[in-house]
>>> print(open('start.txt').read())   # compact mmCIF, C-alpha atoms
# COMPACT_ATOMS: atom_id res chain seq x y z
CA MET A 1 17.83 -24.90 1.94
CA ASN A 2 21.12 -25.08 3.80
CA LEU A 3 23.15 -27.54 1.77
CA GLN A 4 26.57 -28.78 2.76
CA GLU A 5 28.25 -29.16 -0.60
CA GLU A 6 30.59 -31.98 0.49
CA ARG A 7 27.73 -34.17 1.71
CA LEU A 8 25.70 -33.36 -1.37
CA ARG A 9 28.59 -34.27 -3.64
CA ASN A 10 28.78 -37.67 -1.98
CA HIS A 11 25.16 -38.22 -2.97
CA LEU A 12 25.73 -36.94 -6.49
CA ASP A 13 28.70 -39.23 -7.12
CA GLY A 14 26.30 -42.06 -7.80
CA TYR A 15 24.91 -40.51 -10.99
CA PRO A 16 26.21 -41.59 -14.42
CA PHE A 17 27.77 -38.24 -15.28
CA THR A 18 30.55 -36.03 -13.97
CA ILE A 19 29.65 -33.25 -11.53
CA ARG A 20 31.80 -30.22 -12.32
CA GLU A 21 30.24 -27.72 -9.95
CA VAL A 22 27.41 -27.36 -7.44
CA ARG A 23 25.99 -23.87 -7.54
CA HIS A 24 23.33 -21.90 -5.71
CA GLU A 25 21.35 -19.46 -7.85
CA GLU A 26 18.32 -17.26 -7.33
CA ASN A 27 15.85 -20.06 -8.05
CA GLY A 28 17.60 -22.86 -6.17
CA TRP A 29 20.53 -25.29 -6.35
CA TYR A 30 22.00 -26.68 -9.56
CA ALA A 31 24.69 -29.13 -10.61
CA LEU A 32 26.80 -28.34 -13.65
CA THR A 33 27.69 -31.65 -15.29
CA ASP A 34 29.30 -32.97 -18.47
CA ARG A 35 25.73 -33.62 -19.63
CA GLY A 36 24.35 -30.18 -18.98
CA LYS A 37 22.84 -28.32 -16.07
CA LYS A 38 20.68 -30.30 -13.63
CA ARG A 39 18.29 -29.06 -11.00
CA ILE A 40 18.89 -30.25 -7.43
CA ILE A 41 15.64 -30.89 -5.57
CA TYR A 42 15.77 -31.05 -1.79
CA CYS A 43 12.81 -32.01 0.38
CA GLN A 44 12.68 -32.61 4.11
CA ASP A 45 9.83 -35.08 3.70
CA GLU A 46 10.55 -38.25 1.70
CA ASN A 47 6.82 -39.00 1.46
CA LEU A 48 6.25 -35.77 -0.44
CA ILE A 49 9.06 -36.44 -2.92
CA ARG A 50 7.55 -39.90 -3.41
CA TRP A 51 4.15 -38.30 -4.09
CA SER A 52 5.73 -35.92 -6.60
CA HIS A 53 7.63 -38.75 -8.30
CA SER A 54 4.41 -40.76 -8.68
CA TRP A 55 2.52 -38.30 -10.83
CA ARG A 56 5.58 -37.47 -12.97
CA GLU A 57 6.11 -41.12 -13.87
CA TYR A 58 2.37 -41.57 -14.40
CA LEU A 59 2.32 -38.74 -16.95
CA VAL A 60 5.21 -40.31 -18.82
CA ASN A 61 3.42 -43.67 -18.88
CA GLN A 62 0.36 -41.90 -20.31
CA GLY A 63 2.41 -40.56 -23.22
CA PHE A 64 3.56 -37.16 -21.90
CA ARG A 65 7.27 -37.47 -22.61
CA HIS A 66 8.31 -33.92 -21.73
CA VAL A 67 7.97 -34.05 -17.95
CA GLU A 68 10.55 -32.91 -15.40
CA ARG A 69 11.39 -36.31 -13.92
CA TYR A 70 13.79 -37.36 -11.20
CA LEU A 71 16.89 -38.87 -12.78
CA VAL A 72 17.97 -42.41 -11.90
CA ASN A 73 21.36 -42.89 -10.22
CA GLY A 74 23.70 -45.85 -10.53
CA GLN A 75 21.76 -47.78 -7.86
CA GLY A 76 18.48 -47.40 -9.75
CA GLU A 77 17.11 -44.84 -7.25
CA HIS A 78 15.21 -41.69 -8.22
CA TRP A 79 16.16 -39.90 -5.01
CA ILE A 80 18.54 -40.35 -2.09
CA SER A 81 17.62 -39.86 1.56
CA ASP A 82 19.59 -39.22 4.73
CA LEU A 83 18.82 -37.74 8.14
CA ALA A 84 18.60 -34.24 6.65
CA GLY A 85 16.03 -35.11 4.01
CA SER A 86 15.80 -36.34 0.42
CA TYR A 87 17.66 -35.21 -2.70
CA ALA A 88 16.88 -35.71 -6.38
CA LEU A 89 18.27 -34.44 -9.69
CA SER A 90 16.30 -33.51 -12.77
CA ASP A 91 16.64 -32.16 -16.26
CA TYR A 92 14.46 -29.09 -16.25
CA TRP A 93 13.06 -26.10 -18.13
CA GLU A 94 12.75 -22.63 -16.63
CA GLN A 95 9.15 -21.72 -15.83
CA ASP A 96 7.67 -19.41 -18.44
CA TYR A 97 4.21 -18.60 -19.75
CA ASP A 98 5.01 -16.49 -22.80
CA TRP A 99 2.88 -18.92 -24.78
CA SER A 100 -0.20 -17.54 -23.01
CA LYS A 101 0.47 -14.16 -24.64
CA ARG A 102 0.54 -15.64 -28.16
CA ASN A 103 -2.95 -15.97 -29.62
CA GLU A 104 -2.01 -18.92 -31.80
CA LEU A 105 -0.82 -20.93 -28.76
CA GLN A 106 -3.24 -19.93 -25.98
CA MET A 107 -6.04 -22.41 -26.62
CA LYS A 108 -3.65 -25.29 -27.26
CA GLY A 109 -1.89 -24.45 -23.99
CA TYR A 110 -5.15 -24.47 -22.03
CA GLN A 111 -6.12 -27.76 -23.65
CA THR A 112 -2.75 -29.31 -22.77
CA PHE A 113 -2.93 -28.11 -19.17
CA GLY A 114 -6.48 -29.40 -18.78
CA GLU A 115 -5.40 -32.85 -19.94
CA LEU A 116 -2.29 -32.78 -17.72
CA LEU A 117 -4.17 -31.84 -14.56
CA ALA A 118 -6.83 -34.48 -15.23
CA HIS A 119 -4.12 -37.14 -15.57
CA ILE A 120 -2.44 -35.98 -12.34
CA HIS A 121 -5.76 -36.29 -10.54
CA LEU A 122 -6.32 -39.71 -12.13
CA CYS A 123 -2.94 -40.85 -10.83
CA PHE A 124 -4.18 -40.65 -7.23
CA ASP A 125 -7.80 -41.73 -7.71
CA ASN A 126 -7.15 -45.26 -6.47
CA VAL A 127 -4.53 -44.44 -3.85
CA GLU A 128 -6.03 -45.15 -0.43
CA GLU A 129 -3.07 -44.07 1.68
CA VAL A 130 -3.50 -40.44 2.75
CA TYR A 131 -0.47 -38.15 2.94
CA ARG A 132 -0.20 -36.59 6.41
CA GLY A 133 3.21 -34.93 6.35
CA ARG A 134 4.27 -31.39 7.15
CA TYR A 135 3.29 -30.13 3.69
CA ARG A 136 -0.36 -30.97 4.13
CA LYS A 137 -2.72 -28.09 4.92
CA LYS A 138 -6.44 -27.79 5.58
CA GLY A 139 -7.25 -25.81 2.46
CA THR A 140 -9.49 -22.80 1.96
CA LEU A 141 -12.71 -24.29 3.31
CA ASN A 142 -13.65 -25.90 6.58
CA GLU A 143 -16.77 -25.89 8.71
CA THR A 144 -15.39 -23.43 11.26
CA ARG A 145 -14.28 -20.90 8.65
CA LEU A 146 -17.60 -21.00 6.82
CA LYS A 147 -19.64 -20.41 9.97
CA SER A 148 -17.23 -17.68 11.09
CA SER A 149 -17.51 -15.93 7.70
CA TYR A 150 -21.30 -15.92 7.89
CA ARG A 151 -21.29 -14.49 11.43
CA TYR A 152 -18.77 -11.84 10.38
CA LEU A 153 -20.87 -10.73 7.41
CA HIS A 154 -24.05 -10.74 9.49
CA ALA A 155 -22.37 -8.45 12.06
CA ILE A 156 -21.30 -5.99 9.34
CA ILE A 157 -24.80 -6.01 7.83
CA LYS A 158 -26.33 -5.23 11.24
CA GLU A 159 -23.82 -2.43 11.71
CA ILE A 160 -24.65 -0.60 8.47
CA GLU A 161 -28.41 -1.19 8.38
CA GLY A 162 -30.20 2.14 8.30
CA ARG A 163 -27.22 4.10 6.94
CA GLN A 164 -28.55 5.37 3.62
CA SER A 165 -25.06 6.09 2.27
CA ASP A 166 -24.22 2.40 2.59
CA ASN A 167 -27.30 0.97 0.85
CA TRP A 168 -25.16 -0.26 -2.05
CA LEU A 169 -22.90 -2.10 0.38
CA LEU A 170 -25.82 -3.53 2.35
CA TYR A 171 -27.37 -4.98 -0.80
CA ASN A 172 -24.10 -6.52 -2.01
CA LEU A 173 -23.12 -7.94 1.38
CA SER A 174 -26.53 -9.59 1.67
CA ARG A 175 -25.79 -11.36 -1.63
CA VAL A 176 -22.34 -12.30 -0.39
CA ALA A 177 -23.81 -13.82 2.78
CA GLU A 178 -26.08 -15.94 0.56
CA ARG A 179 -22.99 -17.20 -1.29
CA VAL A 180 -21.39 -18.23 2.00
CA ARG A 181 -24.52 -20.21 2.88
CA LYS A 182 -24.46 -21.85 -0.56
CA ALA A 183 -20.76 -22.68 -0.20
CA GLU A 184 -21.45 -24.15 3.24
CA ALA A 185 -24.18 -26.45 1.86
CA LEU A 186 -21.96 -27.59 -1.01
CA TYR A 187 -19.02 -28.16 1.32
CA GLU A 188 -21.16 -30.29 3.63
CA ALA A 189 -22.38 -32.32 0.64
CA SER A 190 -18.79 -32.85 -0.53
CA GLY A 191 -17.80 -34.66 2.65
CA GLY A 192 -14.78 -32.38 2.92
CA GLU A 193 -14.93 -32.32 6.69
CA ASN A 194 -14.39 -36.10 6.92
CA ASP A 195 -10.85 -35.66 5.57
CA ARG A 196 -11.30 -38.11 2.71
CA THR A 197 -11.01 -35.70 -0.19
CA PRO A 198 -8.01 -36.63 -2.38
CA LEU A 199 -5.08 -34.25 -2.07
CA SER A 200 -3.53 -32.09 -4.75
CA PHE A 201 -1.67 -28.81 -5.19
CA ALA A 202 -2.70 -25.73 -3.21
CA HIS A 203 -1.60 -23.63 -6.17
CA MET A 204 -0.54 -24.43 -9.72
CA PRO A 205 1.06 -21.60 -11.71
CA LEU A 206 0.35 -21.32 -15.41
CA SER A 207 4.11 -20.93 -15.87
CA SER A 208 4.57 -24.63 -15.01
CA LEU A 209 3.65 -25.36 -18.61
CA VAL A 210 6.41 -24.34 -21.02
CA TYR A 211 6.36 -24.30 -24.82
CA TRP A 212 9.54 -25.02 -26.73
CA GLU A 213 8.60 -25.51 -30.35
CA PRO A 214 7.13 -27.95 -31.17
CA CYS A 215 6.63 -29.47 -27.68
CA TRP A 216 4.93 -28.69 -24.38
CA TYR A 217 6.85 -29.31 -21.16
CA ILE A 218 5.60 -29.59 -17.57
CA THR A 219 8.20 -28.27 -15.14
CA GLY A 220 8.67 -27.27 -11.51
CA LEU A 221 5.97 -28.04 -8.91
CA HIS A 222 8.47 -29.34 -6.36
CA ASN A 223 7.72 -29.44 -2.61
CA PRO A 224 4.12 -28.31 -3.04
CA VAL A 225 1.69 -27.62 -0.23
CA LEU A 226 -1.04 -30.27 -0.51
CA VAL A 227 -4.70 -29.50 0.13
CA PRO A 228 -8.04 -31.10 -0.82
CA ARG A 229 -8.30 -31.57 -4.58
CA HIS A 230 -9.46 -28.79 -6.94
CA GLU A 231 -7.86 -25.80 -5.25
CA ASP A 232 -5.32 -26.27 -8.05
CA THR A 233 -8.16 -26.34 -10.59
CA VAL A 234 -9.54 -23.05 -9.26
CA THR A 235 -6.16 -21.28 -9.29
CA LEU A 236 -5.61 -22.31 -12.92
CA LEU A 237 -9.11 -21.25 -13.95
CA GLU A 238 -8.58 -17.82 -12.39
CA GLN A 239 -5.26 -17.35 -14.20
CA ILE A 240 -6.79 -18.47 -17.50
CA TYR A 241 -9.83 -16.22 -17.10
CA GLU A 242 -7.62 -13.20 -16.50
CA ILE A 243 -5.94 -13.76 -19.88
CA SER A 244 -8.62 -15.28 -22.08
CA ASP A 245 -11.99 -14.85 -20.32
CA THR A 246 -14.56 -17.64 -20.48
CA GLU A 247 -13.34 -18.94 -23.84
CA GLY A 248 -10.08 -20.08 -22.26
CA VAL A 249 -11.89 -21.44 -19.20
CA ASN A 250 -14.17 -23.59 -21.35
CA GLN A 251 -11.23 -24.85 -23.40
CA PHE A 252 -9.47 -26.01 -20.23
CA LEU A 253 -12.61 -27.62 -18.79
CA SER A 254 -13.43 -29.47 -22.02
CA ALA A 255 -9.89 -30.87 -22.15
CA TYR A 256 -10.09 -31.99 -18.51
CA ALA A 257 -13.43 -33.69 -19.19
CA SER A 258 -11.97 -35.56 -22.18
CA VAL A 259 -9.64 -37.38 -19.76
CA ARG A 260 -11.50 -37.57 -16.44
CA ARG A 261 -15.02 -37.08 -15.11
CA ILE A 262 -15.30 -35.44 -11.70
CA PRO A 263 -17.15 -37.51 -9.05
CA VAL A 264 -20.11 -35.87 -7.31
CA PRO A 265 -18.34 -35.19 -3.97
CA GLU A 266 -15.46 -33.49 -5.80
CA LYS A 267 -17.95 -31.52 -7.90
CA ASN A 268 -19.55 -30.18 -4.73
CA TYR A 269 -16.16 -29.19 -3.32
CA LEU A 270 -15.15 -27.43 -6.56
CA LEU A 271 -18.43 -25.51 -6.66
CA ALA A 272 -18.08 -24.65 -2.96
CA LEU A 273 -14.62 -23.17 -3.60
CA LEU A 274 -15.98 -20.97 -6.39
CA CYS A 275 -19.10 -19.98 -4.43
CA TYR A 276 -17.16 -18.96 -1.36
CA PRO A 277 -16.66 -15.15 -1.65
CA LEU A 278 -12.98 -15.16 -0.70
CA PRO A 279 -12.09 -12.01 -2.70
CA VAL A 280 -14.78 -9.97 -0.92
CA LEU A 281 -13.92 -11.29 2.54
CA SER A 282 -10.21 -10.68 1.95
CA GLY A 283 -11.01 -7.11 0.95
CA LEU A 284 -13.02 -6.55 4.14
CA GLU A 285 -10.45 -7.98 6.53
CA GLY A 286 -8.78 -5.48 8.83
CA LEU A 287 -10.74 -2.45 7.64
CA PRO A 288 -11.16 0.08 10.48
CA GLN A 289 -13.90 1.99 8.67
CA LEU A 290 -15.87 0.47 5.79
CA SER A 291 -16.79 3.86 4.39
CA GLU A 292 -13.13 4.86 4.06
CA GLU A 293 -12.10 1.85 1.95
CA ARG A 294 -14.73 1.93 -0.81
CA GLU A 295 -12.23 1.23 -3.62
CA ARG A 296 -10.76 -1.81 -1.89
CA ILE A 297 -14.22 -3.21 -1.22
CA ILE A 298 -15.32 -2.62 -4.80
CA ALA A 299 -12.18 -4.39 -6.05
CA GLY A 300 -13.17 -7.42 -3.97
CA PHE A 301 -16.65 -7.42 -5.51
CA HIS A 302 -15.10 -7.16 -8.97
CA LEU A 303 -12.89 -10.21 -8.35
CA GLN A 304 -15.86 -12.12 -6.98
CA GLY A 305 -17.75 -11.20 -10.16
CA GLN A 306 -15.01 -12.92 -12.15
CA ARG A 307 -15.36 -16.00 -9.96
CA GLU A 308 -19.08 -16.04 -10.63
CA LYS A 309 -18.42 -16.19 -14.38
CA ILE A 310 -16.00 -19.08 -13.87
CA LEU A 311 -18.59 -20.76 -11.64
CA ARG A 312 -21.16 -20.46 -14.42
CA CYS A 313 -18.80 -22.16 -16.87
CA VAL A 314 -18.04 -24.95 -14.41
CA THR A 315 -21.74 -25.47 -13.62
CA GLU A 316 -22.82 -25.54 -17.27
CA MET A 317 -20.08 -27.97 -18.39
CA ARG A 318 -22.26 -31.04 -17.80
CA VAL A 319 -19.84 -33.41 -19.53
CA LEU A 320 -17.32 -32.62 -16.77
CA TYR A 321 -19.11 -34.69 -14.15
CA GLU A 322 -19.99 -38.26 -13.34
CA GLU A 323 -23.66 -39.09 -13.11
CA ASP A 324 -25.23 -38.57 -9.70
CA SER A 325 -26.58 -42.00 -8.80
CA GLY A 326 -28.39 -40.53 -5.82
>>> encode(input="start.txt", output="structure tokens")
Amino acid sequence: MNLQEERLRNHLDGYPFTIREVRHEENGWYALTDRGKKRIIYCQDENLIRWSHSWREYLVNQGFRHVERYLVNGQGEHWISDLAGSYALSDYWEQDYDWSKRNELQMKGYQTFGELLAHIHLCFDNVEEVYRGRYRKKGTLNETRLKSSYRYLHAIIKEIEGRQSDNWLLYNLSRVAERVRKAEALYEASGGENDRTPLSFAHMPLSSLVYWEPCWYITGLHNPVLVPRHEDTVTLLEQIYEISDTEGVNQFLSAYASVRRIPVPEKNYLLALLCYPLPVLSGLEGLPQLSEERERIIAGFHLQGQREKILRCVTEMRVLYEEDSG
């Protein structure tokens, strides 16, 4: 962000505290005030800052008091806009996930995050207006990518058929191709291609949840890329699995289900994301010779194996879903 301090100070003058210094640090811009250090949030798209403000205020209204909110200025505004973009100030907490390394806090952290994400999704359940700004992306899955992935795998399988040294790879790639077909069917059932899937974060880091005894704080998540809902769910599940295996995954899912049930179309999209063998396909991309990159390919299969375990948890958590009336 290229901030002109003089113009920014004019915006900041409207807040009910004294600005002593505006400073750029490694993680962004900050204002040092007589009431402590404030984060300066800048966004080129006012619609995105409005989207971000909505879920923060919703969480507070649901009883989550420790949320990084946009502070109100003297005119009662939560952000200020000009031709360059929109600006907001917040009290904040540095992102940190040390709690995930403490056994006595892990499960409570996963429970808290599951409830938080469910409430964020609830916030936009009845919002019909679709965000179409510069921060919106297609997401991992689309019809073209799924068909292209299947053709790509089929071409590799044809190439290595008959090579005895690659029998292990042939067997595994055949299974991977089946997963692409399954993901394609689930994606089609989700209605994802009709562009009606609610939007949410492309990625949600575990470090967005901070523990300062005795409270949990949700922080950061400014200017996110928005994609069809549940890519954020998958990224959190993968981070949780890496630390706490399926026990942590189930704790998160149970907490989410205690707040919100996932509709059938969303369920299909979530399952499609987990079925799609992204780790394997990423490991295969750009390889000149398959036989020379055995370790990289095996690493992709290992990561996909982890996804399969998460997929099993998500599939077996029946209480997570709404009833299928069809």
>>> closest_residue(input="start.txt", among="A:Glu266, A:Asp13, A:Glu21, A:Glu295", to="A:Thr233", atoms="all atoms listed in the file")
A:Glu266
>>> closest_residue(input="start.txt", among="A:Trp216, A:Tyr276, A:Tyr256, A:Phe113", to="A:Ala177", atoms="only C-alpha atoms")
A:Tyr276
>>> residues_around(input="start.txt", residues="stretch 155-162 of chain A", least_positions_apart="4", cutoff="10 Å", atoms="only C-alpha atoms", output="list in words")
Ser149, Tyr150, Arg151, Asp166, Asn167, Leu169, Leu170, Tyr171, Asn172, Leu173, Ser174, Ala177, Leu284, Leu290 and Ser291 of chain A
>>> closest_residue(input="start.txt", among="A:Glu57, A:Leu12, A:Gly300, A:Met107", to="A:Gly74", atoms="all atoms listed in the file")
A:Leu12
>>> residues_around(input="start.txt", residues="A:Gly283", least_positions_apart="6", cutoff="12 Å", atoms="all atoms listed in the file", output="PyMOL selection string")
chain A and resi 277+290+293-304
>>> closest_residue(input="start.txt", among="A:Arg179, A:His66, A:Lys38, A:His121", to="A:Gly305", atoms="all atoms listed in the file")
A:Arg179
>>> atom_distance(input="start.txt", atom1="atom CA of A:Arg181", atom2="atom CA of A:Leu281")
13.9 Å
>>> atom_distance(input="start.txt", atom1="atom CA of A:Tyr187", atom2="atom CA of A:Arg229")
12.7 Å
>>> residues_around(input="start.txt", residues="A:Glu46", least_positions_apart="3", cutoff="10 Å", atoms="all atoms listed in the file", output="JSON list (two decimals) with C-alpha atoms, in the frame of the given file")
[["chain", "number", "residue", "atom", "x", "y", "z"],
["A", 42, "TYR", "CA", 15.77, -31.05, -1.79],
["A", 43, "CYS", "CA", 12.81, -32.01, 0.38],
["A", 49, "ILE", "CA", 9.06, -36.44, -2.92],
["A", 50, "ARG", "CA", 7.55, -39.90, -3.41],
["A", 51, "TRP", "CA", 4.15, -38.30, -4.09],
["A", 52, "SER", "CA", 5.73, -35.92, -6.60],
["A", 79, "TRP", "CA", 16.16, -39.90, -5.01],
["A", 80, "ILE", "CA", 18.54, -40.35, -2.09],
["A", 81, "SER", "CA", 17.62, -39.86, 1.56],
["A", 82, "ASP", "CA", 19.59, -39.22, 4.73],
["A", 85, "GLY", "CA", 16.03, -35.11, 4.01],
["A", 86, "SER", "CA", 15.80, -36.34, 0.42],
["A", 87, "TYR", "CA", 17.66, -35.21, -2.70],
["A", 133, "GLY", "CA", 3.21, -34.93, 6.35]]
>>> atom_distance(input="start.txt", atom1="atom CA of A:Asn47", atom2="atom CA of A:Arg69")
16.3 Å
>>> axis_aligned_box(input="start.txt", around="stretch 270-278 of chain A", padding_each_side="4 Å", output="lines of an AutoDock Vina configuration file")
center_x = -16.0
center_y = -21.3
center_z = -3.7
size_x = 14.1
size_y = 20.3
size_z = 14.0
>>> closest_residue(input="start.txt", among="A:Lys108, A:Lys147, A:Arg102, A:Arg136", to="A:Lys182", atoms="only C-alpha atoms")
A:Lys147
>>> residues_around(input="start.txt", residues="A:Leu116", least_positions_apart="2", cutoff="10 Å", atoms="all atoms listed in the file", output="list in words")
Leu59, Gln62, Phe64, Tyr110, Gln111, Thr112, Phe113, Gly114, Ala118, His119, Ile120, His121, Leu122, Leu209, Ile218, Ala255, Tyr256 and Val259 of chain A
>>> decode(input="start.txt", residues="stretch 236-245 of chain A", atoms="all heavy atoms", output="PDB file, in the first residue's frame")
ATOM      1  N   LEU A 236      -8.693 -24.966   6.974  1.00  0.00           N
ATOM      2  CA  LEU A 236      -8.611 -25.129   8.427  1.00  0.00           C
ATOM      3  C   LEU A 236      -8.502 -26.599   8.811  1.00  0.00           C
ATOM      4  O   LEU A 236      -7.706 -26.964   9.686  1.00  0.00           O
ATOM      5  CB  LEU A 236      -9.834 -24.503   9.097  1.00  0.00           C
ATOM      6  CG  LEU A 236      -9.775 -22.993   9.327  1.00  0.00           C
ATOM      7  CD1 LEU A 236     -11.119 -22.471   9.814  1.00  0.00           C
ATOM      8  CD2 LEU A 236      -8.677 -22.629  10.324  1.00  0.00           C
ATOM      9  N   LEU A 237      -9.291 -27.449   8.177  1.00  0.00           N
ATOM     10  CA  LEU A 237      -9.250 -28.879   8.486  1.00  0.00           C
ATOM     11  C   LEU A 237      -7.864 -29.459   8.214  1.00  0.00           C
ATOM     12  O   LEU A 237      -7.363 -30.296   8.978  1.00  0.00           O
ATOM     13  CB  LEU A 237     -10.304 -29.628   7.680  1.00  0.00           C
ATOM     14  CG  LEU A 237     -11.762 -29.359   8.077  1.00  0.00           C
ATOM     15  CD1 LEU A 237     -12.716 -30.037   7.100  1.00  0.00           C
ATOM     16  CD2 LEU A 237     -12.031 -29.836   9.502  1.00  0.00           C
ATOM     17  N   GLU A 238      -7.237 -29.028   7.141  1.00  0.00           N
ATOM     18  CA  GLU A 238      -5.891 -29.528   6.822  1.00  0.00           C
ATOM     19  C   GLU A 238      -4.876 -29.069   7.865  1.00  0.00           C
ATOM     20  O   GLU A 238      -3.989 -29.845   8.261  1.00  0.00           O
ATOM     21  CB  GLU A 238      -5.490 -29.072   5.419  1.00  0.00           C
ATOM     22  CG  GLU A 238      -6.262 -29.781   4.326  1.00  0.00           C
ATOM     23  CD  GLU A 238      -5.881 -29.327   2.930  1.00  0.00           C
ATOM     24  OE1 GLU A 238      -5.570 -28.142   2.741  1.00  0.00           O
ATOM     25  OE2 GLU A 238      -5.898 -30.164   2.012  1.00  0.00           O
ATOM     26  N   GLN A 239      -4.979 -27.823   8.301  1.00  0.00           N
ATOM     27  CA  GLN A 239      -4.061 -27.334   9.338  1.00  0.00           C
ATOM     28  C   GLN A 239      -4.279 -28.072  10.656  1.00  0.00           C
ATOM     29  O   GLN A 239      -3.323 -28.427  11.351  1.00  0.00           O
ATOM     30  CB  GLN A 239      -4.272 -25.831   9.544  1.00  0.00           C
ATOM     31  CG  GLN A 239      -3.856 -24.965   8.360  1.00  0.00           C
ATOM     32  CD  GLN A 239      -4.309 -23.532   8.535  1.00  0.00           C
ATOM     33  OE1 GLN A 239      -3.695 -22.763   9.273  1.00  0.00           O
ATOM     34  NE2 GLN A 239      -5.396 -23.147   7.876  1.00  0.00           N
ATOM     35  N   ILE A 240      -5.536 -28.303  11.003  1.00  0.00           N
ATOM     36  CA  ILE A 240      -5.856 -29.000  12.252  1.00  0.00           C
ATOM     37  C   ILE A 240      -5.372 -30.446  12.194  1.00  0.00           C
ATOM     38  O   ILE A 240      -4.790 -30.962  13.159  1.00  0.00           O
ATOM     39  CB  ILE A 240      -7.366 -28.936  12.521  1.00  0.00           C
ATOM     40  CG1 ILE A 240      -7.775 -27.501  12.861  1.00  0.00           C
ATOM     41  CG2 ILE A 240      -7.768 -29.880  13.649  1.00  0.00           C
ATOM     42  CD1 ILE A 240      -9.275 -27.277  12.889  1.00  0.00           C
ATOM     43  N   TYR A 241      -5.599 -31.114  11.061  1.00  0.00           N
ATOM     44  CA  TYR A 241      -5.175 -32.512  10.926  1.00  0.00           C
ATOM     45  C   TYR A 241      -3.666 -32.648  11.101  1.00  0.00           C
ATOM     46  O   TYR A 241      -3.184 -33.596  11.738  1.00  0.00           O
ATOM     47  CB  TYR A 241      -5.585 -33.066   9.560  1.00  0.00           C
ATOM     48  CG  TYR A 241      -5.169 -34.506   9.376  1.00  0.00           C
ATOM     49  CD1 TYR A 241      -5.997 -35.542   9.792  1.00  0.00           C
ATOM     50  CD2 TYR A 241      -3.939 -34.825   8.813  1.00  0.00           C
ATOM     51  CE1 TYR A 241      -5.599 -36.865   9.651  1.00  0.00           C
ATOM     52  CE2 TYR A 241      -3.533 -36.145   8.668  1.00  0.00           C
ATOM     53  CZ  TYR A 241      -4.367 -37.162   9.088  1.00  0.00           C
ATOM     54  OH  TYR A 241      -3.959 -38.469   8.953  1.00  0.00           O
ATOM     55  N   GLU A 242      -2.925 -31.716  10.554  1.00  0.00           N
ATOM     56  CA  GLU A 242      -1.469 -31.770  10.638  1.00  0.00           C
ATOM     57  C   GLU A 242      -0.985 -31.739  12.085  1.00  0.00           C
ATOM     58  O   GLU A 242       0.040 -32.333  12.419  1.00  0.00           O
ATOM     59  CB  GLU A 242      -0.864 -30.594   9.871  1.00  0.00           C
ATOM     60  CG  GLU A 242       0.636 -30.688   9.674  1.00  0.00           C
ATOM     61  CD  GLU A 242       1.171 -29.597   8.779  1.00  0.00           C
ATOM     62  OE1 GLU A 242       0.394 -29.054   7.965  1.00  0.00           O
ATOM     63  OE2 GLU A 242       2.357 -29.284   8.899  1.00  0.00           O
ATOM     64  N   ILE A 243      -1.749 -31.055  12.957  1.00  0.00           N
ATOM     65  CA  ILE A 243      -1.345 -30.941  14.359  1.00  0.00           C
ATOM     66  C   ILE A 243      -1.958 -32.030  15.221  1.00  0.00           C
ATOM     67  O   ILE A 243      -1.278 -32.629  16.055  1.00  0.00           O
ATOM     68  CB  ILE A 243      -1.756 -29.550  14.915  1.00  0.00           C
ATOM     69  CG1 ILE A 243      -1.058 -28.439  14.132  1.00  0.00           C
ATOM     70  CG2 ILE A 243      -1.428 -29.437  16.411  1.00  0.00           C
ATOM     71  CD1 ILE A 243      -1.601 -27.054  14.424  1.00  0.00           C
ATOM     72  N   SER A 244      -3.235 -32.302  15.012  1.00  0.00           N
ATOM     73  CA  SER A 244      -3.969 -33.149  15.964  1.00  0.00           C
ATOM     74  C   SER A 244      -4.708 -34.318  15.323  1.00  0.00           C
ATOM     75  O   SER A 244      -5.555 -34.940  15.978  1.00  0.00           O
ATOM     76  CB  SER A 244      -4.977 -32.289  16.743  1.00  0.00           C
ATOM     77  OG  SER A 244      -4.319 -31.286  17.468  1.00  0.00           O
ATOM     78  N   ASP A 245      -4.432 -34.636  14.073  1.00  0.00           N
ATOM     79  CA  ASP A 245      -5.024 -35.786  13.402  1.00  0.00           C
ATOM     80  C   ASP A 245      -6.548 -35.689  13.409  1.00  0.00           C
ATOM     81  O   ASP A 245      -7.110 -34.599  13.514  1.00  0.00           O
ATOM     82  CB  ASP A 245      -4.536 -37.085  14.056  1.00  0.00           C
ATOM     83  CG  ASP A 245      -4.465 -38.231  13.067  1.00  0.00           C
ATOM     84  OD1 ASP A 245      -5.524 -38.820  12.792  1.00  0.00           O
ATOM     85  OD2 ASP A 245      -3.367 -38.523  12.559  1.00  0.00           O
TER      86      ASP A 245
END
